[in-house]
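K.L.:
Sharing a structure here in structure tokens format.
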Amino acid sequence: MKFNINKEAFLAGLQQVQHVVTTRTTLPILSNVLIRASKKGLLLATTDLDVSVSGTVEADVKEPGGTTLPARRLFSIIRELPDEEIEVSVDDKNVASIRCGPSHFKIMGISDEEFPQLPTFVDAKEFKIEQRVLKECLRKTSYAISTDEMRFVLNGILCSFKNNTLTMVATDGRRLAMADQELEFPQSNEVDIIIPTKAVNEIQRLLGDEGEVILKISPGQIGLDLGNYVLTSKLVEGNYPNYRQVIPSDTKERVTLEREPLLRTLNRVSLLLVDKSNSIKLRFMRDKLRVEANAPNVGEAHEEMPLAYKGAEITIAFNPEFLMAPLRNLPADEVHLHLIDDISPGILRSGANFLYVLMPMRVNS
Amino acid sequence: MSRIRILSDALASQVAAGEVVERPAAVVRELVENSLDSGARHIEVHVQRGGAALIRVTDDGCGMDREDAMLCMERHATSKIRTKEDLAAIHTLGFRGEAIPSIASVSRFRLATREAGALSGTEIEIHGGKMHAVRDYGGAPGTVVEARALFYNVPARRKFLRSEPTELAHVEQQFRVHAIANPHAAFTLLRDGEVLFQLPATEDVRTRIEGMAGRELASRLLPITPVELNGVTVRGYIGGAGLSRPTRQMQLVFLNSRPVDSPTVSYALREGYHTALMKGQHPVTFLFIEMPAEDFDINVHPAKKEVRFRDAGTVREAVVRAVGSTLATTTTIPTGHIPFMRRPASPETLQLNTAQTPALFPEREQIVTAQHVAASSSSAHFMPRAVTPITASQPAPASQPIAAAIHPAPANAVPNAADFRILGVIGKLYVLMESSEGLVLMDQHAAHERVLFEQLRRAMEHEGVPAQRLLLPILLEVPPQEFDVIHRHLDTLHKLGIEAEPFGSNTFKIDALPSFIKCDDPQNLLRAMLDELASFSSRTSSVRLGEDMIATTVCRHAVKANDILRIPELQKLLADLLICEMPWCCPHGRPTLIQISYAELEKKFGRRAP
């Protein structure tokens, strides 16, 4: 195999695929990136056996062929090369020779025959969705994914394709984020899947603001075709809990809050808290909201913001991180908080497409 | 033809012997108990080949007349109980009337006894349960019982005997516990004619412990502040914070002078020690529990090691309190181990120790010496030496230098930071300090962990633990007994931020979890707490349950080895440490302070005879 390639193009390609590579593995081939040169250009692919990413970059292929090279090392070498033009040749012992201006590297690789087979999709259910829309839905929900490995079904985002709507849900048992998006698809395509956390992170990285993405779902796996890049992932097996039942149907009070100012207030007041376990209190009073925090041996802080509130006075305590996370990730200027009392869940809404349920904290006195 | 038949007496005895006499140590136990019950003032135990060849117990007790001597060979013949009521309140060590015939059925057995004042005594020989000879006996008043060739007629059992040293170790352990339980009687142990232990009668248990377990250990024991609760009295000695053993062998518990092994008491000890005990280690205790004989049942197992309490709660409470308050009032820094200082603990050495008349407490010796040094060399020293003894419970002698007179040590006070002069830090971890008693070392990480641990625990007790309510309740299924334990402690869990309620049989619904820990696995968290719940006493704070989590949390925040602390920081750390409830060890039970006394230093430099 022999090809010439532009440094920036090579680097961009490696950049997109190298995140999948795990740093610690007992299988050396998983540290490597698959490189296949053909008339179409250069195919780059990595996998950790659960998630795989592949992409094609332009190259001047002199001799077609394939090999695998250590992904992280290759990336850092290419990044530091002095010139724009890179010349790569690989001998039949998988030793790669990389020349660039005065630099010459020889890297030992592993045969591409040892690289795991990338998944294929036959008879898959296909959905077409704008990249920008999918990216926003993921951003609105992914922070609520659970890291508790005991409840593995929560280690991912539920994507429910039903009634021409895509609903995404993430929860860690303390809060739940849900985003809806209308989507045209035949009824035979209705399906519920759970995309694992690692794939969610990779998808967010790959998605851009332009163009469309084609989702292919077949039992146990999902593929995302972005044109120049393809991501495939295993799905989390299991049944997602019935999230509808934790969303209260009736709420008593509804307040409209300005997102940015509220986020800044919460951020300021919580500076006082010693660690993440402390709570922040929201006191809804006539025409104002008072945000309070106090930490023993540190001090206390409060801040008031004017508010069109006419309901009953409610004081409710939340984990400030849990309250700030959706505010950081929403684009809207206004959010609506729905409350019942100090021990029932609070509901944050933004537009018709976003809902966030947050359980309060009990603070002993 | 009927297939079921009544066993012959000899065979029945051998069957019974299987339970009572499982190894030479068991024979020693039964015979020594008989001797003690007979009121003996001196008991001599002689074993050959680990007890396999010969076990002979000689006492100067009341002896028996011929009729009794013959009768005691029968099964279920005993002088110790007569009626059902006696069985309900056993005051003697033995009562079952099984031991003598059982031993006689599996050995070449000889019993020789004479009552004081009787003209002649009786000697009986039985071989494998068969009467061999009966004759007059002219020895000293008292009783001699011999079991030779143990299990000679039960080859299966004989095969199970371990090596001679192992069996001897078991015999020694039996001897040890009885000797400590009965300091008023003199004890002698001989092996193949050679004296291993010779313990004169004494009134002081501590002297006996010293004789048995060595002076080094005895010097590190704390006298228990006696506790009396609903008729249960707890006294004795326990090891201070940081003193522990990997096995339970030195965790001796005596119930009305009878060595017992009780899970109730073990739990209570663990609870009482709490963080003063390293994980996976067992405390060193010489615990004497006294209570009315009708409040417990020892007739659980023929070997009489197990005991059932009528009111286990009271016993636990009394032990927890005794241990807790003893450790809390301790003001002694644990002494450092200096392995090459100690002489090998050969039996000869131990015997030599005991040959002395009741020795001074080693701690007292150290203090006297330290002050002697202080007085004799005070002019040569550039710093005024505060001679406030670290062992504040020891009365300070009248001839104190002035410094101490100005700052007299309050009775039972933990030393304060002014009693130490910080010299520096070695290995970026150990703080070297000079005290009136010698060199004191402080582990900066362990010390800071203890300080943070107590601060956080106080804060949590005071302000409560914030609970994060859950969107999706967690269902936790537990075995029935554990369900009951959790159910009784729901309030306690609530205070710790865990909101649980029963949800059908053997299942709890958990609605909220403490927010201060990253609690991803509530099932495991609760399971880990179950053990703690089992040993709960009324004295225990609810935050106690979360202490493992607190300990892990503070470990991350505490200064580490290699963190360079300046003198003012060290002074603050020391001052904070000394006002802790349990300053002597970190939350995981490792010591925070270690002392190497002047006495030890002098010994090492050859200024004083070892």
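Following the order of the structure tokens, chains are lettered A, B, ..., residues in each are numbered from 1, and ligands are numbered from 1.
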Which of stretch 112-258 of chain A counts as alpha helix (DSSP H) under DSSP, as a list in words please?
P.N.:
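Residues of stretch 112-258 of chain A classed as alpha helix (DSSP H): Gln131, Arg132, Val133, Leu134, Lys135, Glu136, Cys137, Leu138, Arg139, Lys140, Thr141, Thr197, Lys198, Ala199, Val200, Asn201, Glu202, Ile203, Gln204, Arg205 and Leu206 of chain A.
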K.L.:
For N, CA and C atoms, I'd like the residues from the last selection saved as a PDB file, in the first residue's frame.
P.N.:
ATOM      1  N   GLN A 131     -29.369  16.782  10.833  1.00  0.00           N
ATOM      2  CA  GLN A 131     -28.289  16.652  11.825  1.00  0.00           C
ATOM      3  C   GLN A 131     -28.474  17.637  12.977  1.00  0.00           C
ATOM      4  N   ARG A 132     -28.844  18.881  12.595  1.00  0.00           N
ATOM      5  CA  ARG A 132     -29.002  19.943  13.589  1.00  0.00           C
ATOM      6  C   ARG A 132     -30.066  19.559  14.638  1.00  0.00           C
ATOM      7  N   VAL A 133     -31.178  18.964  14.168  1.00  0.00           N
ATOM      8  CA  VAL A 133     -32.285  18.591  15.057  1.00  0.00           C
ATOM      9  C   VAL A 133     -31.863  17.470  16.001  1.00  0.00           C
ATOM     10  N   LEU A 134     -31.214  16.448  15.448  1.00  0.00           N
ATOM     11  CA  LEU A 134     -30.774  15.329  16.288  1.00  0.00           C
ATOM     12  C   LEU A 134     -29.775  15.798  17.336  1.00  0.00           C
ATOM     13  N   LYS A 135     -28.889  16.674  16.920  1.00  0.00           N
ATOM     14  CA  LYS A 135     -27.873  17.189  17.827  1.00  0.00           C
ATOM     15  C   LYS A 135     -28.509  17.942  19.000  1.00  0.00           C
ATOM     16  N   GLU A 136     -29.532  18.738  18.670  1.00  0.00           N
ATOM     17  CA  GLU A 136     -30.181  19.514  19.719  1.00  0.00           C
ATOM     18  C   GLU A 136     -30.924  18.606  20.705  1.00  0.00           C
ATOM     19  N   CYS A 137     -31.617  17.600  20.182  1.00  0.00           N
ATOM     20  CA  CYS A 137     -32.333  16.658  21.058  1.00  0.00           C
ATOM     21  C   CYS A 137     -31.358  15.954  22.002  1.00  0.00           C
ATOM     22  N   LEU A 138     -30.210  15.555  21.466  1.00  0.00           N
ATOM     23  CA  LEU A 138     -29.214  14.863  22.306  1.00  0.00           C
ATOM     24  C   LEU A 138     -28.676  15.820  23.367  1.00  0.00           C
ATOM     25  N   ARG A 139     -28.450  17.049  22.973  1.00  0.00           N
ATOM     26  CA  ARG A 139     -27.895  18.021  23.908  1.00  0.00           C
ATOM     27  C   ARG A 139     -28.873  18.302  25.052  1.00  0.00           C
ATOM     28  N   LYS A 140     -30.172  18.304  24.736  1.00  0.00           N
ATOM     29  CA  LYS A 140     -31.175  18.609  25.744  1.00  0.00           C
ATOM     30  C   LYS A 140     -31.356  17.467  26.747  1.00  0.00           C
ATOM     31  N   THR A 141     -30.905  16.264  26.412  1.00  0.00           N
ATOM     32  CA  THR A 141     -31.186  15.119  27.276  1.00  0.00           C
ATOM     33  C   THR A 141     -29.944  14.420  27.823  1.00  0.00           C
ATOM     34  N   THR A 197     -24.291   5.292  26.334  1.00  0.00           N
ATOM     35  CA  THR A 197     -23.671   6.589  26.603  1.00  0.00           C
ATOM     36  C   THR A 197     -22.502   6.886  25.668  1.00  0.00           C
ATOM     37  N   LYS A 198     -21.621   5.903  25.479  1.00  0.00           N
ATOM     38  CA  LYS A 198     -20.437   6.169  24.662  1.00  0.00           C
ATOM     39  C   LYS A 198     -20.816   6.538  23.233  1.00  0.00           C
ATOM     40  N   ALA A 199     -21.814   5.827  22.704  1.00  0.00           N
ATOM     41  CA  ALA A 199     -22.255   6.131  21.340  1.00  0.00           C
ATOM     42  C   ALA A 199     -22.880   7.516  21.291  1.00  0.00           C
ATOM     43  N   VAL A 200     -23.647   7.869  22.339  1.00  0.00           N
ATOM     44  CA  VAL A 200     -24.268   9.190  22.390  1.00  0.00           C
ATOM     45  C   VAL A 200     -23.186  10.269  22.302  1.00  0.00           C
ATOM     46  N   ASN A 201     -22.110  10.093  23.062  1.00  0.00           N
ATOM     47  CA  ASN A 201     -21.019  11.071  23.041  1.00  0.00           C
ATOM     48  C   ASN A 201     -20.379  11.167  21.664  1.00  0.00           C
ATOM     49  N   GLU A 202     -20.152  10.016  21.031  1.00  0.00           N
ATOM     50  CA  GLU A 202     -19.524  10.010  19.714  1.00  0.00           C
ATOM     51  C   GLU A 202     -20.436  10.649  18.674  1.00  0.00           C
ATOM     52  N   ILE A 203     -21.732  10.344  18.768  1.00  0.00           N
ATOM     53  CA  ILE A 203     -22.688  10.900  17.799  1.00  0.00           C
ATOM     54  C   ILE A 203     -22.694  12.421  17.916  1.00  0.00           C
ATOM     55  N   GLN A 204     -22.712  12.919  19.158  1.00  0.00           N
ATOM     56  CA  GLN A 204     -22.712  14.362  19.354  1.00  0.00           C
ATOM     57  C   GLN A 204     -21.476  15.005  18.751  1.00  0.00           C
ATOM     58  N   ARG A 205     -20.359  14.294  18.825  1.00  0.00           N
ATOM     59  CA  ARG A 205     -19.126  14.827  18.274  1.00  0.00           C
ATOM     60  C   ARG A 205     -19.181  14.889  16.737  1.00  0.00           C
ATOM     61  N   LEU A 206     -19.785  13.854  16.142  1.00  0.00           N
ATOM     62  CA  LEU A 206     -19.789  13.755  14.684  1.00  0.00           C
ATOM     63  C   LEU A 206     -20.818  14.664  14.025  1.00  0.00           C
TER      64      LEU A 206
END
K.L.:
Tell me as a ChimeraX atom specification which residues belonging to chain B come within 12 Å of chain A, counting only C-alpha atoms.
P.N.:
/B:455-456,458-474,494-499,510-524,553,557
K.L.:
Show me, as a PyMOL selection string, the residues that have an atom within 10 Å of stretch 5-7 of chain A when counting only C-alpha atoms, minus same-chain residues fewer than 3 positions from it.
P.N.:
chain A and resi 10-12+41-42+57-61+78-88+100
K.L.:
Quick one: of B:Leu269, B:Val20, B:Ala40, B:Ile224, who's nearest to B:Thr329, counting only C-alpha atoms?
P.N.:
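The answer is B:Ile224, which sits nearest to B:Thr329.
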K.L.:
Of the candidates B:Val323, B:Ala53, B:Val145, B:Val134, which shows the shortest atom-to-atom distance to B:Glu67, using only C-alpha atoms?
P.N.:
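Checking each of B:Val323, B:Ala53, B:Val145, B:Val134 against B:Glu67, counting only C-alpha atoms, the winner is B:Val134.
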K.L.:
Go ahead and compute the interatomic distance for atom CA of A:Leu226 and atom CA of A:Ala325, in Å to one decimal.
P.N.:
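The value is 28.2 Å.
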